[in-house]
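Structure file query_18.txt (compact mmCIF, C-alpha atoms and all ligand atoms) follows.
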```txt
# COMPACT_ATOMS: atom_id res chain seq x y z
CA MET W 102 39.50 85.09 109.90
CA ARG W 103 42.81 86.08 108.48
CA LEU W 104 43.58 88.60 111.09
CA PRO W 105 43.83 86.26 114.09
CA ILE W 106 46.09 83.97 112.08
CA PHE W 107 48.25 86.97 111.29
CA ILE W 108 48.34 87.92 114.97
CA ALA W 109 49.17 84.37 115.98
CA SER W 110 52.02 84.13 113.50
CA ALA W 111 53.27 87.57 114.50
CA VAL W 112 53.38 86.44 118.14
CA LEU W 113 55.16 83.28 117.08
CA PHE W 114 57.58 85.36 115.08
CA ILE W 115 58.35 87.57 118.06
CA GLN W 116 58.89 84.53 120.28
CA CYS W 117 61.32 82.88 117.88
CA GLN W 118 63.18 86.05 117.14
CA THR W 119 66.37 86.09 119.20
CA THR W 120 68.50 89.14 119.62
CA PRO W 121 72.05 88.11 118.81
CA TYR W 122 74.64 89.17 121.36
CA GLN W 123 76.33 92.37 120.23
CA PHE W 124 80.12 92.28 120.43
CA SER W 125 81.51 95.41 122.01
CA GLY W 126 84.92 96.84 122.79
CA LYS W 127 83.72 97.48 126.31
CA SER W 128 83.11 93.81 126.99
CA THR W 129 86.26 92.50 125.30
CA ALA W 130 88.37 95.13 127.09
CA HIS W 131 86.87 94.16 130.44
CA ILE W 132 87.65 90.44 130.02
CA LEU W 133 91.11 91.07 128.62
CA LYS W 134 91.99 93.58 131.32
CA THR W 135 90.87 91.22 134.08
CA LEU W 136 92.84 88.24 132.72
CA SER W 137 96.00 90.29 132.15
CA ALA W 138 95.90 92.22 135.43
CA ASP W 139 98.90 92.01 137.75
CA GLU W 140 96.72 90.16 140.30
CA MET W 141 96.68 87.19 137.91
CA ARG W 142 100.49 87.03 138.25
CA GLY W 143 101.05 85.78 134.73
CA ARG W 144 98.79 82.69 135.01
CA HIS W 145 101.58 80.12 135.14
CA ALA W 146 100.40 76.49 135.06
CA PHE W 147 101.96 74.38 137.83
CA THR W 148 101.55 77.33 140.23
CA PRO W 149 98.52 78.26 142.34
CA ASP W 150 98.44 81.60 140.48
CA ILE W 151 96.50 80.09 137.61
CA GLU W 152 93.50 79.27 139.82
CA LYS W 153 92.34 82.85 139.89
CA ALA W 154 92.14 82.95 136.11
CA ALA W 155 90.29 79.59 136.04
CA ASP W 156 87.75 80.95 138.54
CA PHE W 157 87.17 84.02 136.44
CA ILE W 158 86.69 82.05 133.21
CA ALA W 159 84.34 79.57 134.92
CA GLY W 160 82.31 82.53 136.19
CA GLU W 161 82.11 83.98 132.67
CA PHE W 162 81.02 80.62 131.22
CA LYS W 163 78.32 80.43 133.86
CA ARG W 164 77.12 83.96 133.06
CA ALA W 165 77.09 83.07 129.37
CA GLY W 166 74.74 80.19 130.23
CA LEU W 167 76.98 77.37 129.06
CA GLN W 168 76.28 73.85 130.20
CA ALA W 169 79.12 71.98 131.90
CA LEU W 170 80.50 69.02 129.95
CA SER W 171 78.41 65.91 130.60
CA ASN W 172 81.00 64.09 132.67
CA GLN W 173 81.82 67.11 134.84
CA ASN W 174 79.74 68.80 137.46
CA ASP W 175 81.47 72.12 137.09
CA TYR W 176 83.29 73.99 134.36
CA ARG W 177 86.67 72.86 135.60
CA GLN W 178 87.91 69.80 133.77
CA LYS W 179 90.33 68.58 136.42
CA PHE W 180 93.22 66.18 136.02
CA ASN W 181 96.47 65.30 137.75
CA ILE W 182 100.03 65.49 136.57
CA TYR W 183 103.04 63.97 138.33
CA SER W 184 105.97 66.32 138.66
CA ILE W 185 109.01 64.14 139.35
CA THR W 186 112.40 65.43 140.45
CA ILE W 187 115.56 63.53 141.32
CA ASP W 188 116.36 63.53 145.01
CA GLU W 189 119.55 61.49 145.08
CA ALA W 190 121.42 59.49 142.48
CA ASN W 191 124.18 56.93 142.95
CA PHE W 192 125.98 55.26 140.09
CA ASN W 193 128.61 52.65 140.50
CA PHE W 194 130.35 51.23 137.45
CA ARG W 195 133.32 49.41 138.89
CA ASN W 196 134.00 52.40 141.12
CA ALA W 197 134.02 54.96 138.34
CA THR W 198 131.95 57.94 139.46
CA VAL W 199 129.32 59.63 137.36
CA LYS W 200 129.16 63.36 137.92
CA PRO W 201 125.81 65.15 138.11
CA ASP W 202 126.37 66.70 134.67
CA GLN W 203 126.98 63.28 133.12
CA PHE W 204 123.46 61.93 133.42
CA PHE W 205 119.82 62.82 133.21
CA VAL W 206 116.63 60.88 133.74
CA LEU W 207 113.27 60.87 132.02
CA ALA W 208 111.61 59.69 135.16
CA ASP W 209 108.38 57.95 135.97
CA ASN W 210 107.21 57.46 139.52
CA ASN W 211 108.80 54.04 140.05
CA SER W 212 112.05 53.92 141.97
CA ILE W 213 115.31 52.94 140.30
CA GLU W 214 117.39 50.19 141.89
CA TRP W 215 119.23 48.54 139.02
CA THR W 216 122.09 46.08 139.34
CA SER W 217 122.17 44.31 135.99
CA ASP W 218 120.80 44.24 132.48
CA LYS W 219 117.89 42.25 133.86
CA ASP W 220 116.59 45.43 135.43
CA ALA W 221 116.82 47.67 132.38
CA ALA W 222 117.38 47.32 128.66
CA ILE W 223 120.82 48.66 127.78
CA ILE W 224 121.33 50.79 124.70
CA GLU W 225 124.65 52.11 123.49
CA LEU W 226 124.89 55.24 121.39
CA GLY W 227 128.24 55.01 119.67
CA LYS W 228 130.21 57.80 118.02
CA ASP W 229 128.22 57.55 114.79
CA ALA W 230 124.76 57.46 116.35
CA ASP W 231 122.29 60.28 115.59
CA PHE W 232 121.69 61.35 119.18
CA ARG W 233 118.60 63.42 118.46
CA ALA W 234 116.87 60.67 116.45
CA GLU W 235 117.79 57.93 118.93
CA PHE W 236 116.62 60.05 121.84
CA GLY W 237 113.20 60.40 120.22
CA LYS W 238 112.90 56.63 119.80
CA ILE W 239 114.09 55.81 123.30
CA ARG W 240 111.74 58.34 124.83
CA ASN W 241 108.76 56.49 123.33
CA MET W 242 109.91 53.01 124.35
CA ASP W 243 108.10 51.04 127.01
CA GLY W 244 110.02 49.75 130.01
CA GLU W 245 113.17 50.67 131.92
CA VAL W 246 116.09 51.76 129.72
CA LEU W 247 119.70 52.60 130.51
CA VAL W 248 121.50 54.49 127.76
CA PHE W 249 125.26 54.87 127.49
CA ALA W 250 126.15 57.74 125.15
CA ASP W 251 129.69 57.93 123.84
CA PRO W 252 131.51 60.98 125.29
CA SER W 253 131.82 62.40 121.75
CA HIS W 254 128.12 63.38 122.08
CA LYS W 255 129.00 65.71 124.96
CA ASP W 256 127.71 68.98 123.45
CA ILE W 257 124.26 67.77 122.52
CA PHE W 258 124.08 65.63 125.66
CA ILE W 259 124.61 68.69 127.85
CA ARG W 260 121.87 70.59 126.05
CA TYR W 261 119.41 67.77 126.63
CA GLN W 262 120.64 67.35 130.18
CA ARG W 263 119.99 71.00 130.96
CA PHE W 264 116.46 70.72 129.71
CA PHE W 265 115.48 67.32 131.06
CA SER W 266 117.11 67.53 134.47
CA ARG W 267 114.30 69.84 135.51
CA ALA W 268 111.14 68.05 136.64
CA SER W 269 109.81 65.18 134.52
CA ARG W 270 106.09 65.59 134.09
CA THR W 271 103.74 62.78 133.17
CA PHE W 272 100.13 61.76 133.35
CA PRO W 273 99.66 59.30 136.24
CA ASN W 274 98.33 56.59 133.92
CA GLU W 275 101.32 56.88 131.62
CA GLN W 276 104.14 55.46 133.71
CA ASN W 277 106.02 53.67 130.95
CA GLY W 278 109.43 53.22 132.52
CA ASN W 279 112.47 55.25 133.53
CA LYS W 280 114.99 56.24 130.89
CA VAL W 281 118.44 56.97 132.33
CA PHE W 282 120.98 58.61 129.99
CA VAL W 283 124.63 58.49 131.00
CA LEU W 284 127.49 60.19 129.15
CA ALA W 285 129.98 57.34 129.34
CA ASN W 286 130.90 54.21 127.51
CA LYS W 287 129.28 51.02 128.65
CA PRO W 288 131.33 49.34 131.35
CA PRO W 289 133.06 46.20 130.04
CA ASN W 290 131.26 43.85 132.38
CA LYS W 291 127.70 43.71 133.56
CA ASN W 292 128.44 44.86 137.08
CA PHE W 293 126.81 48.13 137.87
CA LYS W 294 124.69 49.58 140.56
CA ILE W 295 122.37 52.49 139.99
CA SER W 296 120.04 53.80 142.63
CA ILE W 297 118.01 56.94 142.14
CA SER W 298 115.45 58.27 144.58
CA LYS W 299 112.83 60.77 143.54
CA ASN W 300 110.30 63.25 144.75
CA VAL W 301 106.92 62.74 143.14
CA GLU W 302 104.51 65.60 143.50
CA THR W 303 100.92 65.32 142.28
CA ILE W 304 99.71 68.56 140.78
CA GLU W 305 96.04 69.17 140.13
CA MET W 306 95.39 71.09 136.95
CA ALA W 307 92.27 72.20 135.14
CA ASN W 308 90.99 73.20 131.76
CA VAL W 309 87.84 75.28 131.88
CA ALA W 310 85.15 74.06 129.51
CA GLY W 311 81.46 74.37 128.77
CA MET W 312 79.10 73.63 125.91
CA ILE W 313 75.96 74.46 124.01
CA LYS W 314 74.17 71.27 123.04
CA GLY W 315 73.13 71.24 119.40
CA ASN W 316 70.62 69.16 117.49
CA ARG W 317 73.45 66.81 116.58
CA THR W 318 74.84 65.61 119.89
CA ASP W 319 77.61 63.54 118.32
CA GLU W 320 79.12 66.28 116.16
CA TYR W 321 81.27 68.77 118.04
CA VAL W 322 82.78 72.09 117.04
CA LEU W 323 85.49 73.37 119.39
CA PHE W 324 86.37 76.97 120.16
CA SER W 325 89.54 77.01 122.22
CA ALA W 326 92.36 79.13 123.57
CA HIS W 327 95.00 78.54 126.20
CA TYR W 328 94.56 80.69 129.28
CA ASP W 329 97.90 80.00 130.93
CA HIS W 330 100.99 82.12 130.42
CA ILE W 331 104.59 82.16 131.64
CA GLY W 332 104.15 83.77 135.08
CA ILE W 333 106.75 85.72 136.98
CA ARG W 334 110.07 86.33 135.21
CA PRO W 335 113.49 86.95 136.77
CA VAL W 336 113.83 90.65 137.55
CA GLN W 337 116.28 92.31 135.15
CA GLU W 338 116.82 95.43 137.23
CA ALA W 339 115.66 96.18 140.75
CA GLY W 340 112.26 97.82 140.80
CA THR W 341 111.29 96.78 137.28
CA ASP W 342 108.26 94.77 136.23
CA SER W 343 108.55 91.01 136.64
CA ILE W 344 105.03 89.89 135.72
CA ALA W 345 104.54 88.50 132.24
CA ASN W 346 100.87 89.44 131.95
CA GLY W 347 100.21 87.64 128.68
CA ALA W 348 97.60 90.13 127.48
CA ASN W 349 98.03 89.15 123.85
CA ASP W 350 99.35 85.63 124.64
CA ASN W 351 96.73 84.49 125.34
CA ALA W 352 94.24 86.57 127.29
CA SER W 353 93.17 87.78 123.83
CA GLY W 354 92.25 84.28 122.63
CA THR W 355 90.55 83.45 125.93
CA THR W 356 88.51 86.64 125.61
CA ALA W 357 87.41 85.45 122.17
CA VAL W 358 86.28 82.07 123.51
CA ILE W 359 84.18 83.73 126.24
CA GLU W 360 82.66 86.24 123.85
CA LEU W 361 81.91 83.57 121.23
CA ALA W 362 80.20 81.48 123.92
CA ARG W 363 78.00 84.44 124.76
CA TYR W 364 77.25 85.08 121.10
CA PHE W 365 76.33 81.52 120.15
CA LYS W 366 74.27 81.12 123.31
CA SER W 367 72.21 84.14 122.25
CA LEU W 368 71.23 82.45 118.98
CA ASP W 369 68.78 79.60 118.43
CA LYS W 370 69.95 76.11 119.32
CA PRO W 371 72.85 75.31 116.97
CA GLU W 372 72.85 72.31 114.66
CA ARG W 373 76.19 71.00 115.95
CA THR W 374 77.18 70.86 119.61
CA LEU W 375 79.57 73.68 120.45
CA VAL W 376 82.32 73.21 123.03
CA PHE W 377 84.20 76.18 124.47
CA VAL W 378 87.45 75.43 126.24
CA ALA W 379 90.26 77.36 127.89
CA PHE W 380 93.33 75.11 128.07
CA THR W 381 95.87 75.06 130.84
CA ALA W 382 99.63 74.48 130.41
CA GLU W 383 99.97 75.26 126.71
CA GLU W 384 103.18 77.11 127.58
CA SER W 385 104.44 74.23 129.77
CA GLY W 386 104.08 71.00 127.81
CA GLY W 387 100.57 71.16 126.37
CA TYR W 388 99.07 68.92 129.07
CA GLY W 389 95.69 70.66 129.04
CA SER W 390 94.90 69.95 125.39
CA GLN W 391 96.39 66.45 125.68
CA TYR W 392 94.05 65.61 128.54
CA PHE W 393 91.09 67.25 126.83
CA SER W 394 91.64 65.37 123.56
CA ARG W 395 91.41 62.03 125.38
CA GLN W 396 87.94 62.78 126.70
CA PHE W 397 86.45 62.84 123.20
CA ASP W 398 86.19 60.55 120.25
CA PRO W 399 88.22 62.60 117.75
CA GLU W 400 86.00 61.36 114.88
CA LYS W 401 83.15 63.34 116.38
CA ILE W 402 85.07 66.60 116.44
CA MET W 403 84.24 68.26 113.15
CA ALA W 404 86.52 71.29 113.57
CA MET W 405 88.64 73.14 116.10
CA PHE W 406 88.91 76.92 116.08
CA ASN W 407 91.98 77.50 118.25
CA ILE W 408 92.52 81.19 118.89
CA GLU W 409 95.90 82.65 119.76
CA MET W 410 97.23 86.18 120.01
CA ILE W 411 94.60 88.21 118.19
CA GLY W 412 95.22 91.48 120.05
CA LYS W 413 97.40 93.12 117.41
CA PRO W 414 96.69 93.71 113.71
CA ALA W 415 98.36 91.37 111.23
CA VAL W 416 100.96 92.35 108.61
CA GLU W 417 98.37 92.10 105.83
CA GLY W 418 96.22 94.83 107.35
CA PRO W 419 93.77 95.57 110.14
CA ASN W 420 90.81 93.41 109.09
CA THR W 421 92.72 90.23 108.44
CA ALA W 422 93.65 87.09 110.32
CA TRP W 423 95.77 84.11 109.36
CA ILE W 424 95.22 80.41 109.80
CA THR W 425 97.97 77.90 110.53
CA GLY W 426 98.24 74.68 108.51
CA PHE W 427 96.02 76.17 105.81
CA ASP W 428 96.76 73.36 103.34
CA LYS W 429 96.18 70.55 105.84
CA SER W 430 92.37 70.59 105.57
CA THR W 431 89.65 72.66 103.88
CA PHE W 432 88.97 74.53 107.16
CA GLY W 433 90.71 77.72 105.96
CA GLU W 434 88.95 77.75 102.59
CA LEU W 435 85.57 77.32 104.29
CA LEU W 436 86.30 80.27 106.58
CA GLN W 437 87.36 82.35 103.60
CA LYS W 438 84.12 81.48 101.84
CA SER W 439 82.01 82.36 104.89
CA ALA W 440 83.79 85.70 105.24
CA GLU W 441 83.14 86.67 101.60
CA GLY W 442 81.23 89.93 101.40
CA THR W 443 82.41 91.10 104.83
CA ILE W 444 85.28 93.53 105.39
CA TYR W 445 87.29 90.78 107.03
CA GLU W 446 89.68 88.36 105.32
CA PHE W 447 91.32 85.09 106.36
CA TYR W 448 94.50 83.91 104.70
CA PRO W 449 97.27 81.31 105.20
CA ASP W 450 99.85 81.71 107.97
CA PRO W 451 102.53 84.06 106.58
CA TYR W 452 105.31 82.53 108.74
CA PRO W 453 105.63 78.93 107.48
CA THR W 454 109.22 78.61 108.70
CA GLN W 455 108.08 79.22 112.29
CA ASN W 456 106.07 75.98 112.30
CA LEU W 457 103.22 77.68 114.14
CA PHE W 458 100.80 74.89 113.22
CA TYR W 459 102.77 72.62 115.56
CA ARG W 460 103.31 75.21 118.28
CA SER W 461 99.87 75.46 119.81
CA ASP W 462 97.13 73.23 121.22
CA ASN W 463 95.57 72.65 117.80
CA ALA W 464 98.43 70.27 116.93
CA THR W 465 97.37 67.80 119.64
CA LEU W 466 93.94 67.46 118.03
CA ALA W 467 95.30 67.61 114.47
CA ARG W 468 97.47 64.58 115.24
CA LEU W 469 94.19 62.72 115.83
CA GLY W 470 92.92 63.78 112.41
CA VAL W 471 90.75 66.69 113.56
CA PRO W 472 90.72 69.74 111.25
CA ALA W 473 92.27 71.75 114.07
CA HIS W 474 93.85 75.09 113.22
CA THR W 475 95.03 78.19 115.01
CA ILE W 476 93.69 81.60 114.08
CA SER W 477 96.01 84.48 114.90
CA THR W 478 96.81 88.03 113.85
CA THR W 479 100.05 88.98 115.60
CA PRO W 480 103.18 89.81 113.57
CA ILE W 481 105.02 87.27 115.67
CA ASP W 482 108.35 87.71 113.87
CA VAL W 483 108.71 91.33 114.98
CA ASP W 484 106.43 91.55 118.02
CA PRO W 485 108.56 93.14 120.77
CA ASP W 486 106.23 91.92 123.53
CA TYR W 487 106.08 88.20 122.72
CA HIS W 488 106.86 86.29 125.95
CA GLN W 489 108.03 89.53 127.60
CA VAL W 490 106.83 91.33 130.71
CA SER W 491 105.71 94.09 128.32
CA ASP W 492 102.82 91.95 126.95
CA GLU W 493 100.32 94.20 128.72
CA PHE W 494 96.75 95.39 128.21
CA GLU W 495 97.98 98.79 126.95
CA THR W 496 99.58 97.19 123.88
CA ILE W 497 96.31 95.65 122.73
CA ASP W 498 94.24 97.14 119.92
CA VAL W 499 90.80 96.53 121.44
CA ALA W 500 88.90 97.52 118.29
CA HIS W 501 90.93 95.03 116.24
CA LEU W 502 90.41 92.33 118.86
CA THR W 503 86.65 92.90 118.86
CA ASN W 504 86.46 92.93 115.05
CA THR W 505 88.41 89.70 114.89
CA ILE W 506 86.12 87.92 117.35
CA LYS W 507 83.14 89.12 115.36
CA ALA W 508 84.75 87.92 112.13
CA ILE W 509 85.37 84.47 113.62
CA SER W 510 81.70 84.29 114.68
CA LYS W 511 80.68 84.99 111.07
CA ALA W 512 83.29 82.69 109.50
CA ALA W 513 82.16 79.82 111.74
CA VAL W 514 78.53 79.92 110.59
CA GLY W 515 78.86 77.27 107.87
CA ILE W 516 80.58 74.80 110.20
CA VAL W 517 78.32 75.49 113.21
CA SER W 518 75.18 75.07 111.09
CA GLY W 519 76.33 71.73 109.75
CA LYS W 520 76.32 73.05 106.17
CA ASP W 521 80.12 72.88 105.91
CA THR W 522 82.39 70.10 107.10
CA PRO W 523 86.14 70.54 106.67
CA THR W 524 88.17 67.57 105.42
CA ARG W 525 90.13 65.61 108.03
CA VAL W 526 93.83 66.21 108.58
CA ASN W 527 95.95 63.46 107.02
CA THR W 528 98.01 62.47 110.05
CA SER W 529 100.57 60.59 107.97
CA GLU W 530 101.62 63.92 106.45
CA LEU W 531 102.33 65.59 109.80
CA ASN W 532 105.82 66.09 111.22
ZN ZN W 601 100.24 81.34 123.22
```
Please lay out the structure from this file as structure tokens.
Amino acid sequence: MRLPIFIASAVLFIQCQTTPYQFSGKSTAHILKTLSADEMRGRHAFTPDIEKAADFIAGEFKRAGLQALSNQNDYRQKFNIYSITIDEANFNFRNATVKPDQFFVLADNNSIEWTSDKDAAIIELGKDADFRAEFGKIRNMDGEVLVFADPSHKDIFIRYQRFFSRASRTFPNEQNGNKVFVLANKPPNKNFKISISKNVETIEMANVAGMIKGNRTDEYVLFSAHYDHIGIRPVQEAGTDSIANGANDNASGTTAVIELARYFKSLDKPERTLVFVAFTAEESGGYGSQYFSRQFDPEKIMAMFNIEMIGKPAVEGPNTAWITGFDKSTFGELLQKSAEGTIYEFYPDPYPTQNLFYRSDNATLARLGVPAHTISTTPIDVDPDYHQVSDEFETIDVAHLTNTIKAISKAAVGIVSGKDTPTRVNTSELN
């Protein structure tokens, strides 16, 4: 009677045995090449060009067999952003005129018709004020604010003016008042008249996200990368390339997210629920990760593997990757431990002065306490292609990219299986 039992267990064994997805250079090259092709026109958020990339990623998530997020019926996680520009501005302070380069507005979508300090709180920034620090405070205030900055702040004022006189972008549910900055001393009496009309454009944007439900439905592990890039650049010389293809930044990370989805889907049901997300607008304000982070209870996100620019070998050698904010949680140590015995090594970000921990989508989640870190390999300090039209498929080391994705899949095992849980980020220690 032993034999049938043996046969039965052998059949059972065969049924449970899954064949893990095999990472290959052919597959990574195909995804990377598609995302960085000229037809994608540099994947700039706030332009229709990015839609093509979103379609492609959604198609890949579908092929991988991911489930859409529970509150979405497709892989696109859609949201709106207001893009607000100034149409016309009139200032009257006892007939003194305010020139266009003497003001800027952090605008919301409400119109501005102010005639006294009843309409807006008035703040004066005198000669001794720290403009940068005060600006940060005012920006986060609720309500309408009119700021008079002493003309001695001219240099810094003009820098801010140049930046903020482009469109103001906000989430529709975050209209917390207009902030008007004027480079002039406050008029001696309360008589003033300010009217500013605006154009408010609603722009639909989308992250692309899918998941693999685990046994623990309230413990998430995120694998993310931004899929947007910087689009079409001004042509330097007639006939030269103007498309910033963003092969390394960040078609490489997006490729990793797609390939990891395929890999984890090929394994048995994971212990934790795995969420795969391609963020929009990392290069233009970080709106994609901001929106995404508000759809989750951050306490339930156990870790975030954010992947950026892994198409070129790191300074420490070919089979190495670095992790930003290494000392901010035990995430990095856990990855190092999981990678022990493999040819691949993870180590702390070698460019601490570049503040890379704060320069990608991981920071949005880290500010909510999530052990959220970016994994990268590019020698960013000397990379000639960073944010250039030369960031093309041909500059990518496909074997390195594939090895890195594979290494991340191995290093994530402890966290995916629920065996390892990184410590939370102490938000009071963040800049
Ligand atoms: Zn990037």
Got a sec to check which residues lie within 8 Å of ligand ZN 601 (chain W), using all atoms listed in the file, and send them as a VMD selection string? chain W and resid 327 330 350 to 351 383 to 384 409 to 410 461
Write out as a PDB file with C-alpha atoms, keeping the file's coordinate frame the residues lying within 10 Å of segment 280-297 of chain W, counting all atoms listed in the file and excluding same-chain residues fewer than 6 positions away.
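This went into result-v5.pdb:
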```pdb
ATOM      1  CA  ILE W 187     115.560  63.530 141.320  1.00  0.00           C
ATOM      2  CA  ASP W 188     116.360  63.530 145.010  1.00  0.00           C
ATOM      3  CA  GLU W 189     119.550  61.490 145.080  1.00  0.00           C
ATOM      4  CA  ALA W 190     121.420  59.490 142.480  1.00  0.00           C
ATOM      5  CA  ASN W 191     124.180  56.930 142.950  1.00  0.00           C
ATOM      6  CA  PHE W 192     125.980  55.260 140.090  1.00  0.00           C
ATOM      7  CA  ASN W 193     128.610  52.650 140.500  1.00  0.00           C
ATOM      8  CA  PHE W 194     130.350  51.230 137.450  1.00  0.00           C
ATOM      9  CA  ARG W 195     133.320  49.410 138.890  1.00  0.00           C
ATOM     10  CA  ASN W 196     134.000  52.400 141.120  1.00  0.00           C
ATOM     11  CA  ALA W 197     134.020  54.960 138.340  1.00  0.00           C
ATOM     12  CA  VAL W 199     129.320  59.630 137.360  1.00  0.00           C
ATOM     13  CA  LYS W 200     129.160  63.360 137.920  1.00  0.00           C
ATOM     14  CA  PRO W 201     125.810  65.150 138.110  1.00  0.00           C
ATOM     15  CA  ASP W 202     126.370  66.700 134.670  1.00  0.00           C
ATOM     16  CA  GLN W 203     126.980  63.280 133.120  1.00  0.00           C
ATOM     17  CA  PHE W 204     123.460  61.930 133.420  1.00  0.00           C
ATOM     18  CA  PHE W 205     119.820  62.820 133.210  1.00  0.00           C
ATOM     19  CA  VAL W 206     116.630  60.880 133.740  1.00  0.00           C
ATOM     20  CA  LEU W 207     113.270  60.870 132.020  1.00  0.00           C
ATOM     21  CA  ALA W 208     111.610  59.690 135.160  1.00  0.00           C
ATOM     22  CA  ASP W 209     108.380  57.950 135.970  1.00  0.00           C
ATOM     23  CA  ASN W 211     108.800  54.040 140.050  1.00  0.00           C
ATOM     24  CA  SER W 212     112.050  53.920 141.970  1.00  0.00           C
ATOM     25  CA  ILE W 213     115.310  52.940 140.300  1.00  0.00           C
ATOM     26  CA  GLU W 214     117.390  50.190 141.890  1.00  0.00           C
ATOM     27  CA  TRP W 215     119.230  48.540 139.020  1.00  0.00           C
ATOM     28  CA  THR W 216     122.090  46.080 139.340  1.00  0.00           C
ATOM     29  CA  SER W 217     122.170  44.310 135.990  1.00  0.00           C
ATOM     30  CA  ASP W 218     120.800  44.240 132.480  1.00  0.00           C
ATOM     31  CA  LYS W 219     117.890  42.250 133.860  1.00  0.00           C
ATOM     32  CA  ALA W 221     116.820  47.670 132.380  1.00  0.00           C
ATOM     33  CA  ALA W 222     117.380  47.320 128.660  1.00  0.00           C
ATOM     34  CA  ILE W 223     120.820  48.660 127.780  1.00  0.00           C
ATOM     35  CA  ILE W 224     121.330  50.790 124.700  1.00  0.00           C
ATOM     36  CA  GLU W 225     124.650  52.110 123.490  1.00  0.00           C
ATOM     37  CA  LEU W 226     124.890  55.240 121.390  1.00  0.00           C
ATOM     38  CA  GLY W 227     128.240  55.010 119.670  1.00  0.00           C
ATOM     39  CA  PHE W 236     116.620  60.050 121.840  1.00  0.00           C
ATOM     40  CA  ILE W 239     114.090  55.810 123.300  1.00  0.00           C
ATOM     41  CA  ARG W 240     111.740  58.340 124.830  1.00  0.00           C
ATOM     42  CA  ASN W 241     108.760  56.490 123.330  1.00  0.00           C
ATOM     43  CA  MET W 242     109.910  53.010 124.350  1.00  0.00           C
ATOM     44  CA  ASP W 243     108.100  51.040 127.010  1.00  0.00           C
ATOM     45  CA  GLY W 244     110.020  49.750 130.010  1.00  0.00           C
ATOM     46  CA  GLU W 245     113.170  50.670 131.920  1.00  0.00           C
ATOM     47  CA  VAL W 246     116.090  51.760 129.720  1.00  0.00           C
ATOM     48  CA  LEU W 247     119.700  52.600 130.510  1.00  0.00           C
ATOM     49  CA  VAL W 248     121.500  54.490 127.760  1.00  0.00           C
ATOM     50  CA  PHE W 249     125.260  54.870 127.490  1.00  0.00           C
ATOM     51  CA  ALA W 250     126.150  57.740 125.150  1.00  0.00           C
ATOM     52  CA  ASP W 251     129.690  57.930 123.840  1.00  0.00           C
ATOM     53  CA  PRO W 252     131.510  60.980 125.290  1.00  0.00           C
ATOM     54  CA  SER W 253     131.820  62.400 121.750  1.00  0.00           C
ATOM     55  CA  HIS W 254     128.120  63.380 122.080  1.00  0.00           C
ATOM     56  CA  LYS W 255     129.000  65.710 124.960  1.00  0.00           C
ATOM     57  CA  PHE W 258     124.080  65.630 125.660  1.00  0.00           C
ATOM     58  CA  ILE W 259     124.610  68.690 127.850  1.00  0.00           C
ATOM     59  CA  TYR W 261     119.410  67.770 126.630  1.00  0.00           C
ATOM     60  CA  GLN W 262     120.640  67.350 130.180  1.00  0.00           C
TER      61      GLN W 262
END
```
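For the atom pair formed by atom CA of Pro149 of chain W and atom CA of Gly332 of chain W, the distance is 10.7 Å, given to one decimal.
The residue that comes closest to Leu502 of chain W, out of W:Ala130, W:Leu435, W:Ile313, W:Leu167 and on the basis of only C-alpha atoms, is W:Ala130.
Between His131 of chain W and the candidates W:Thr505, W:Glu360, W:Ala310, W:Ile424, the tightest atom-to-atom separation, counting all atoms listed in the file, involves W:Glu360.
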Near Lys438 of chain W, within 12 Å and counting only C-alpha atoms, which residues show up once chain neighbours fewer than 6 positions away are dropped, as a list of chain:residue names? W:Thr431, W:Phe432, W:Tyr445, W:Glu446, W:Phe447, W:Tyr448, W:Lys511, W:Ala512, W:Ala513, W:Val514, W:Gly515, W:Ile516, W:Asp521
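In terms of minimum interatomic distance to Val490 of chain W, W:Asp342 ranks closest within W:Glu235, W:Asp342, W:Glu275, W:Asp256, counting only C-alpha atoms.
Reported to one decimal place, the separation of atom CA of Lys299 of chain W from atom CA of Phe265 of chain W is 14.3 Å.
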Return the single residue from W:Ser125, W:Asn527, W:Phe393, W:Gly278 that is closest to Asn504 of chain W, with distances computed using only C-alpha atoms. W:Ser125
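Going from atom CA of Tyr321 of chain W to atom CA of Ala508 of chain W covers 20.3 Å.
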Box in all listed atoms of segment 512-516 of chain W, axis-aligned, with 3 Å more on each side; write out centre and edge lengths in Å to one decimal as AutoDock Vina command-line options.
```
--center_x 80.9 --center_y 78.7 --center_z 109.8 --size_x 10.8 --size_y 13.9 --size_z 9.9
```
If you count all atoms listed in the file, which residues fall within 10 Å of Asp486 of chain W, apart from same-chain ones fewer than 4 positions away, as an NGL selection string? :W and (345 or 347-350 or 481 or 490-493 or 496)
How about saving the chosen residues, C-alpha atoms kept, as a PDB file, in the frame of the given file?
```
ATOM      1  CA  ALA W 345     104.540  88.500 132.240  1.00  0.00           C
ATOM      2  CA  GLY W 347     100.210  87.640 128.680  1.00  0.00           C
ATOM      3  CA  ALA W 348      97.600  90.130 127.480  1.00  0.00           C
ATOM      4  CA  ASN W 349      98.030  89.150 123.850  1.00  0.00           C
ATOM      5  CA  ASP W 350      99.350  85.630 124.640  1.00  0.00           C
ATOM      6  CA  ILE W 481     105.020  87.270 115.670  1.00  0.00           C
ATOM      7  CA  VAL W 490     106.830  91.330 130.710  1.00  0.00           C
ATOM      8  CA  SER W 491     105.710  94.090 128.320  1.00  0.00           C
ATOM      9  CA  ASP W 492     102.820  91.950 126.950  1.00  0.00           C
ATOM     10  CA  GLU W 493     100.320  94.200 128.720  1.00  0.00           C
ATOM     11  CA  THR W 496      99.580  97.190 123.880  1.00  0.00           C
TER      12      THR W 496
END
```
